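Raw coords.txt, compact mmCIF, C-alpha atoms:
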# COMPACT_ATOMS: atom_id res chain seq x y z
CA MET A 9 97.39 100.37 69.98
CA PHE A 10 93.82 99.05 70.26
CA PRO A 11 93.19 100.51 73.75
CA LYS A 12 94.40 103.89 72.53
CA ILE A 13 92.00 103.81 69.55
CA LEU A 14 89.18 102.78 71.88
CA LEU A 15 90.02 105.59 74.31
CA GLN A 16 90.00 108.08 71.42
CA GLN A 17 86.60 106.79 70.25
CA LEU A 18 85.06 107.12 73.72
CA TYR A 19 86.67 110.51 74.33
CA SER A 20 84.35 113.48 74.44
CA PRO A 21 85.77 117.04 74.66
CA ASN A 22 82.72 118.17 76.62
CA VAL A 23 83.74 116.42 79.81
CA TRP A 24 80.97 117.69 82.07
CA GLN A 25 78.18 116.66 79.72
CA ASN A 26 79.31 113.10 79.26
CA ARG A 27 76.78 110.89 81.02
CA PHE A 28 77.82 107.41 79.93
CA ASP A 29 79.18 106.54 83.38
CA ASP A 30 75.86 107.19 85.21
CA ASN A 31 74.29 103.99 83.98
CA LEU A 32 77.56 102.07 83.98
CA GLY A 33 77.98 103.15 87.62
CA LEU A 34 74.47 102.00 88.40
CA LEU A 35 75.31 98.61 86.89
CA ILE A 36 78.45 98.32 89.07
CA VAL A 37 76.41 99.02 92.22
CA VAL A 38 73.61 96.66 91.15
CA PHE A 39 76.25 93.96 90.57
CA GLY A 40 77.48 94.40 94.17
CA VAL A 41 73.94 94.25 95.56
CA VAL A 42 73.25 91.07 93.56
CA VAL A 43 76.47 89.48 94.89
CA VAL A 44 75.55 90.14 98.54
CA ALA A 45 71.97 89.00 97.89
CA ILE A 46 73.28 85.70 96.49
CA HIS A 47 75.60 85.35 99.48
CA PHE A 48 72.69 86.01 101.84
CA VAL A 49 70.46 83.39 100.21
CA VAL A 50 73.20 80.73 99.98
CA ARG A 51 74.33 81.30 103.58
CA ALA A 52 70.71 81.07 104.74
CA LYS A 53 70.74 77.56 103.25
CA ASN A 54 74.26 76.66 104.42
CA PRO A 55 74.96 78.48 107.71
CA PRO A 56 78.71 78.93 108.34
CA ILE A 57 78.90 77.13 111.67
CA LYS A 58 76.53 74.22 112.04
CA GLY A 59 75.17 73.14 115.41
CA ASP A 60 77.27 69.98 115.75
CA HIS A 61 80.67 71.64 115.56
CA MET B 20 80.60 86.15 136.23
CA VAL B 21 82.49 88.81 134.28
CA GLU B 22 83.13 87.78 130.70
CA GLU B 23 86.74 87.83 129.55
CA LYS B 24 87.50 90.34 126.80
CA VAL B 25 89.90 90.17 123.88
CA ILE B 26 91.04 93.51 122.43
CA ARG B 27 90.46 93.65 118.67
CA TYR B 28 90.88 97.34 117.82
CA ASP B 29 92.57 100.00 119.95
CA ILE B 30 91.17 103.53 120.30
CA PHE B 31 93.28 104.97 117.45
CA GLN B 32 92.21 102.26 115.00
CA ARG B 33 88.55 102.80 115.91
CA MET B 34 88.80 106.56 115.59
CA TYR B 35 90.50 106.19 112.22
CA HIS B 36 87.73 103.87 111.01
CA TRP B 37 84.88 106.23 111.94
CA VAL B 38 86.64 109.39 110.72
CA ASN B 39 87.20 107.51 107.48
CA LEU B 40 83.49 106.65 107.26
CA ALA B 41 82.37 110.23 108.03
CA SER B 42 84.69 111.76 105.43
CA LEU B 43 83.72 109.14 102.84
CA LEU B 44 80.00 109.84 103.40
CA ILE B 45 80.56 113.60 102.94
CA LEU B 46 82.73 112.92 99.86
CA LEU B 47 80.07 110.63 98.45
CA TRP B 48 77.20 113.04 99.00
CA ALA B 49 79.13 116.07 97.70
CA GLY B 50 80.67 114.06 94.85
CA LEU B 51 77.34 112.70 93.61
CA THR B 52 75.93 116.24 93.80
CA ILE B 53 78.81 117.67 91.72
CA PHE B 54 78.54 114.70 89.35
CA ASP B 55 74.77 115.38 89.21
CA LEU B 56 73.82 111.70 89.24
CA ASN B 57 71.20 111.16 86.56
CA ILE B 58 69.56 107.77 86.53
CA PHE B 59 66.93 107.56 83.80
CA GLY B 60 66.14 111.28 84.14
CA VAL B 61 66.00 111.31 87.96
CA ARG B 62 68.58 113.68 89.53
CA PRO B 63 68.10 113.29 93.29
CA PHE B 64 71.37 114.83 94.52
CA SER B 65 71.27 118.12 92.61
CA ALA B 66 67.54 118.47 93.39
CA PHE B 67 68.26 118.03 97.11
CA ALA B 68 71.16 120.54 97.04
CA GLN B 69 69.01 123.10 95.20
CA ALA B 70 66.23 122.70 97.76
CA VAL B 71 68.55 122.95 100.80
CA ILE B 72 71.32 125.36 99.65
CA GLY B 73 69.76 127.16 96.67
CA GLN B 74 70.36 127.49 92.94
CA ASN B 75 74.09 128.28 93.30
CA TYR B 76 74.95 125.21 95.39
CA ASN B 77 78.10 124.13 93.53
CA PRO B 78 80.80 126.27 95.27
CA LEU B 79 79.74 125.20 98.77
CA VAL B 80 79.40 121.54 97.79
CA ALA B 81 82.78 121.62 96.00
CA ASP B 82 84.40 123.10 99.13
CA LEU B 83 82.87 120.37 101.29
CA HIS B 84 84.21 117.77 98.84
CA LYS B 85 87.67 119.32 99.02
CA TYR B 86 87.80 119.56 102.84
CA ALA B 87 86.47 116.01 103.29
CA SER B 88 89.08 114.71 100.85
CA PHE B 89 91.88 116.30 102.88
CA ILE B 90 90.44 114.87 106.12
CA LEU B 91 90.41 111.45 104.42
CA LEU B 92 93.96 111.93 103.15
CA GLY B 93 95.17 112.90 106.65
CA SER B 94 93.30 109.97 108.14
CA LEU B 95 94.89 107.57 105.63
CA ILE B 96 98.38 108.92 106.32
CA PHE B 97 97.71 108.41 110.03
CA HIS B 98 96.41 104.86 109.38
CA ILE B 99 99.47 103.86 107.35
CA GLY B 100 101.89 105.51 109.79
CA TYR B 101 100.26 104.12 112.91
CA ASP B 102 99.45 100.59 111.78
CA THR B 103 102.69 99.94 109.93
CA GLY B 104 105.09 102.11 111.97
CA ILE B 105 103.77 101.60 115.51
CA LYS B 106 101.71 98.40 115.37
CA GLY B 107 104.10 96.74 112.89
CA LEU B 108 101.31 95.51 110.62
CA PHE B 109 102.02 95.16 106.93
CA TRP B 110 102.72 91.68 105.55
CA SER B 111 100.00 90.20 107.77
CA GLU B 112 97.49 92.23 105.72
CA PHE B 113 98.24 90.12 102.63
CA PRO B 114 96.69 86.63 102.34
CA SER B 115 99.25 83.87 102.95
CA LYS B 116 99.43 80.68 100.84
CA ALA B 117 97.93 78.68 103.71
CA GLU B 118 95.06 81.17 104.01
CA LEU B 119 94.33 81.10 100.27
CA LYS B 120 94.30 77.30 100.41
CA ALA B 121 91.95 77.42 103.39
CA GLN B 122 89.71 79.80 101.47
CA ASN B 123 88.95 76.90 99.08
CA ILE B 124 87.63 74.96 102.07
CA MET B 125 85.51 77.99 102.99
CA ALA B 126 84.17 78.07 99.42
CA ALA B 127 83.22 74.36 99.65
CA ASN B 128 81.50 75.12 102.98
CA PHE B 129 79.69 78.09 101.40
CA LEU B 130 78.42 75.93 98.53
CA GLY B 131 77.24 73.24 100.96
CA ARG B 132 79.76 70.64 99.68
CA SER B 133 81.61 70.43 102.98
CA ARG B 134 80.77 71.06 106.61
CA VAL B 135 84.39 71.69 107.52
CA TYR B 136 84.80 75.30 108.61
CA VAL B 137 87.95 77.42 108.83
CA LYS B 138 89.03 79.82 111.55
CA PHE B 139 91.42 82.55 110.46
CA HIS B 140 93.68 84.59 112.75
CA LYS B 141 92.00 88.00 112.50
CA TYR B 142 90.87 88.48 108.91
CA ASN B 143 90.02 85.93 106.21
CA PRO B 144 91.59 86.24 102.72
CA GLY B 145 88.38 87.82 101.37
CA GLN B 146 88.64 90.60 103.95
CA LYS B 147 92.34 91.06 103.21
CA MET B 148 91.69 91.28 99.48
CA LEU B 149 88.87 93.76 100.05
CA HIS B 150 91.28 95.87 102.14
CA ILE B 151 93.85 95.80 99.32
CA GLY B 152 91.04 96.70 96.90
CA PHE B 153 90.05 99.65 99.09
CA ALA B 154 93.68 100.88 99.13
CA PHE B 155 94.00 100.54 95.36
CA VAL B 156 90.65 102.17 94.52
CA ILE B 157 91.03 105.03 97.04
CA LEU B 158 94.56 105.74 95.77
CA LEU B 159 93.30 106.01 92.18
CA ILE B 160 90.21 108.04 93.14
CA GLY B 161 92.48 110.38 95.12
CA ALA B 162 94.98 110.76 92.28
CA THR B 163 92.29 111.39 89.66
CA GLY B 164 90.52 113.78 92.06
CA LEU B 165 93.71 115.84 92.37
CA MET B 166 94.09 115.78 88.58
CA LEU B 167 90.58 117.23 88.22
CA SER B 168 91.33 120.11 90.57
CA ALA B 169 92.97 123.19 89.02
CA ASN B 170 94.70 123.96 92.34
CA TYR B 171 96.11 120.52 93.07
CA ARG B 172 96.78 118.79 89.74
CA TRP B 173 100.48 119.69 90.04
CA MET B 174 100.65 116.97 92.73
CA VAL B 175 100.14 114.24 90.11
CA PRO B 176 103.25 114.06 87.90
CA ILE B 177 101.30 112.99 84.79
CA TRP B 178 100.62 116.67 84.08
CA TRP B 179 104.30 117.12 83.21
CA LEU B 180 104.01 114.64 80.35
CA ASN B 181 103.28 115.76 76.83
CA ILE B 182 99.70 114.45 76.66
CA ASP B 183 96.69 116.49 75.56
CA PHE B 184 95.23 118.24 78.63
CA ASP B 185 91.54 117.72 77.71
CA PHE B 186 92.17 114.06 76.97
CA ILE B 187 93.70 113.44 80.42
CA ASN B 188 91.04 115.58 82.10
CA TYR B 189 88.29 113.54 80.47
CA TRP B 190 89.73 110.15 81.43
CA ALA B 191 90.63 111.34 84.93
CA ARG B 192 86.98 112.32 85.36
CA VAL B 193 85.61 109.01 83.97
CA THR B 194 88.05 106.98 86.10
CA HIS B 195 87.21 109.05 89.20
CA ASP B 196 83.49 108.49 88.67
CA LEU B 197 83.55 104.80 87.80
CA LEU B 198 85.92 103.92 90.65
CA THR B 199 83.62 105.83 93.01
CA PHE B 200 80.81 103.48 92.01
CA ALA B 201 83.19 100.54 92.56
CA LEU B 202 84.00 101.99 96.01
CA ILE B 203 80.27 102.29 96.83
CA THR B 204 79.89 98.62 95.86
CA MET B 205 82.82 97.62 98.07
CA VAL B 206 81.41 99.62 101.01
CA ILE B 207 78.03 97.87 100.54
CA MET B 208 79.80 94.48 100.69
CA HIS B 209 81.84 95.55 103.72
CA PHE B 210 78.69 96.76 105.50
CA TYR B 211 76.74 93.61 104.62
CA PHE B 212 79.38 91.30 106.10
CA ALA B 213 79.79 93.57 109.15
CA VAL B 214 76.11 93.42 110.09
CA ARG B 215 75.57 89.70 109.46
CA ARG B 216 74.33 88.14 112.68
CA GLU B 217 77.36 85.88 113.23
CA ASN B 218 79.69 88.89 112.75
CA LEU B 219 77.89 91.36 115.03
CA PRO B 220 80.37 91.03 117.95
CA SER B 221 83.19 91.92 115.50
CA PHE B 222 81.16 94.91 114.30
CA ARG B 223 80.55 95.96 117.90
CA SER B 224 84.28 95.73 118.58
CA MET B 225 84.83 98.55 116.09
CA ILE B 226 82.90 100.70 118.62
CA VAL B 227 83.95 99.26 122.00
CA GLY B 228 87.30 97.74 120.96
CA TRP B 229 86.86 94.19 122.26
CA VAL B 230 85.04 90.92 121.62
CA PRO B 231 84.04 88.34 124.26
CA LYS B 232 86.69 85.63 124.65
CA SER B 233 84.11 82.93 123.90
CA PHE B 234 83.42 84.60 120.52
CA GLN B 235 87.13 85.00 119.83
CA ASP B 236 87.82 81.31 120.56
CA LYS B 237 84.87 80.14 118.45
CA HIS B 238 85.56 82.28 115.37
CA PHE B 239 89.29 83.00 115.23
CA ALA B 240 92.45 80.91 115.08
CA LYS B 241 94.90 81.22 117.98
CA GLY B 242 97.99 81.53 115.77
CA GLU B 243 98.70 82.99 112.33
CA GLU B 244 97.85 79.69 110.57
CA PRO B 245 94.21 78.88 109.72
CA GLU B 246 92.58 76.18 111.86
CA LEU B 247 90.09 73.64 110.50
CA ILE B 248 86.94 72.83 112.42
CA ILE B 249 85.66 69.41 111.48
CA PRO B 250 82.09 68.60 112.57
CA LYS B 251 81.72 65.83 115.18
CA SER B 252 79.79 63.78 112.61
CA GLU B 253 82.88 63.84 110.38
CA GLY B 254 85.48 63.03 113.03
CA GLY B 255 85.50 65.90 115.51
CA LYS B 256 87.65 68.96 115.88
CA LYS B 257 91.14 69.44 114.48
Let me see whether you can do it: turn the structure in this file into structure tokens.
Amino acid sequence: MFPKILLQQLYSPNVWQNRFDDNLGLLIVVFGVVVVAIHFVVRAKNPPIKGDH
Amino acid sequence: MVEEKVIRYDIFQRMYHWVNLASLLILLWAGLTIFDLNIFGVRPFSAFAQAVIGQNYNPLVADLHKYASFILLGSLIFHIGYDTGIKGLFWSEFPSKAELKAQNIMAANFLGRSRVYVKFHKYNPGQKMLHIGFAFVILLIGATGLMLSANYRWMVPIWWLNIDFDFINYWARVTHDLLTFALITMVIMHFYFAVRRENLPSFRSMIVGWVPKSFQDKHFAKGEEPELIIPKSEGGKK
């Protein structure tokens, strides 16, 4: 029931003027960039295959 | 001395990959133009389309979006038919228990807690999960895209249900848009790992088809099971 109420609350009949997903979309992409940036920094410290393998 | 080669991707798999990329780039550009991306008042895609095509850019861009989506759909049908039907690949694209267990060792290596490294057969569990994620997200983006199109929404059976049309249209649009951003994020991750220095021969193999045998032996397990590489300082190689 709760998800349905939430969906009704967020629903806007003017579908092409709803802009709430622009900034949410930006956040999703920024999240991905932050994840790869963290991976890059951590792997720079701990390379995957060390010299003495 | 001629270096030995190990085939990683055949010509059909490589063609599929690059057709996929080309159609996704067109879909992305046209889609963000139709969506009229607006980040804090900046609308780069519609401004570009207006400058290049003119004020009435939407019909042409919508057509490009439609044609690219059918190229992608055809390409995906080919991919599934070829790789499962002819190459016999399906269950190997899901992470096995042994691989998931080995992924914990990779995580310890990543965090600097262990110097033990793992070689996987062709793809590690992260790559396999990303592939499953791509399939899931593209399927939903495709379905919601068809639902948004007046000509093709009959292909998605939800339209036969007794649910308010505007309500479905709205949520199909929001889902289509948000999953597109998720897809962009996944493509960024895929590209980042592809162009990392240690992975460059694998990336190159998506163009030429093969990797040097020395690279194959160093980075990939011989059989289906993951292999542990234990540093000499911790007891040598297993």
* What is the distance, in Å and to one decimal place, between CA of Glu246 (chain B) and CA of Leu108 (chain B)? -> 21.2 Å
Select from chain B every residue with an atom at most 8 Å from any atom of chain A, then for each give the shortest pair of atoms and their distance in Å to one decimal, using all atoms listed in the file, rows by chain and rising number, as a tab-separated table.
residue	atom	partner	partner_atom	distance
B:Leu56	CA	A:Asp30	CA	6.4
B:Asn57	CA	A:Asp30	CA	6.3
B:Ile58	CA	A:Asp30	CA	6.5
B:Asn128	CA	A:Pro56	CA	7.1
B:Phe129	CA	A:Asn54	CA	6.4
B:Leu130	CA	A:Val50	CA	7.2
B:Gly131	CA	A:Asn54	CA	5.7
B:Arg134	CA	A:Lys58	CA	7.6
B:Tyr136	CA	A:Ile57	CA	6.9
B:Asp185	CA	A:Pro21	CA	6.6
B:Phe186	CA	A:Tyr19	CA	7.1
B:Asn188	CA	A:Val23	CA	7.7
B:Tyr189	CA	A:Val23	CA	5.4
B:Trp190	CA	A:Tyr19	CA	7.7
B:Arg192	CA	A:Val23	CA	7.6
B:Val193	CA	A:Asp29	CA	6.9
B:Asp196	CA	A:Asp29	CA	7.1
B:Leu197	CA	A:Gly33	CA	5.8
B:Phe200	CA	A:Gly33	CA	5.2
B:Ala201	CA	A:Ile36	CA	6.3
B:Ile203	CA	A:Val37	CA	6.8
B:Thr204	CA	A:Val37	CA	5.1
B:Met205	CA	A:Gly40	CA	7.4
B:Ile207	CA	A:Gly40	CA	7.3
B:Met208	CA	A:Val44	CA	6.4
B:Tyr211	CA	A:Val44	CA	7.1
B:Ile248	CA	A:His61	CA	7.1
B:Ile249	CA	A:His61	CA	6.8
B:Pro250	CA	A:His61	CA	4.5
B:Lys251	CA	A:His61	CA	5.9
B:Ser252	CA	A:Asp60	CA	7.4
B:Gly255	CA	A:His61	CA	7.5
B:Lys256	CA	A:His61	CA	7.5
Got a sec: who's within 12 Å of Val227 (chain B), counting all atoms listed in the file, leaving out chain neighbours fewer than 4 positions off, as a PDB file with C-alpha atoms, keeping the file's coordinate frame?
ATOM      1  CA  LYS B  24      87.500  90.340 126.800  1.00  0.00           C
ATOM      2  CA  VAL B  25      89.900  90.170 123.880  1.00  0.00           C
ATOM      3  CA  ILE B  26      91.040  93.510 122.430  1.00  0.00           C
ATOM      4  CA  ARG B  27      90.460  93.650 118.670  1.00  0.00           C
ATOM      5  CA  TYR B  28      90.880  97.340 117.820  1.00  0.00           C
ATOM      6  CA  ASP B  29      92.570 100.000 119.950  1.00  0.00           C
ATOM      7  CA  ILE B  30      91.170 103.530 120.300  1.00  0.00           C
ATOM      8  CA  PHE B  31      93.280 104.970 117.450  1.00  0.00           C
ATOM      9  CA  GLN B  32      92.210 102.260 115.000  1.00  0.00           C
ATOM     10  CA  ARG B  33      88.550 102.800 115.910  1.00  0.00           C
ATOM     11  CA  MET B  34      88.800 106.560 115.590  1.00  0.00           C
ATOM     12  CA  PRO B 220      80.370  91.030 117.950  1.00  0.00           C
ATOM     13  CA  SER B 221      83.190  91.920 115.500  1.00  0.00           C
ATOM     14  CA  PHE B 222      81.160  94.910 114.300  1.00  0.00           C
ATOM     15  CA  ARG B 223      80.550  95.960 117.900  1.00  0.00           C
ATOM     16  CA  PRO B 231      84.040  88.340 124.260  1.00  0.00           C
TER      17      PRO B 231
END
* Kindly give the distance, in Å, that separates CA of Glu217 (chain B) and CA of Lys106 (chain B), rounded to a single decimal. =>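 Result for CA of Glu217 (chain B) versus CA of Lys106 (chain B): 27.5 Å, one decimal.
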* To do: Identify which of the residues B:Asn218, B:Asn170, B:Asn181, B:Ser42 lies closest to Gly93 (chain B), counting all atoms listed in the file when measuring atom-to-atom distances.
  =>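 Ranking B:Asn218, B:Asn170, B:Asn181, B:Ser42 by distance to Gly93 (chain B), first place goes to B:Ser42.
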* **Distance criterion (all atoms listed in the file): nearest to Met166 (chain B) out of B:Gln146, B:Thr52, B:Thr194, B:Ser115** => B:Thr194
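Atom pair CA of Val230 (chain B) / CA of Gly104 (chain B) has a distance of 24.9 Å (rounded to one decimal).
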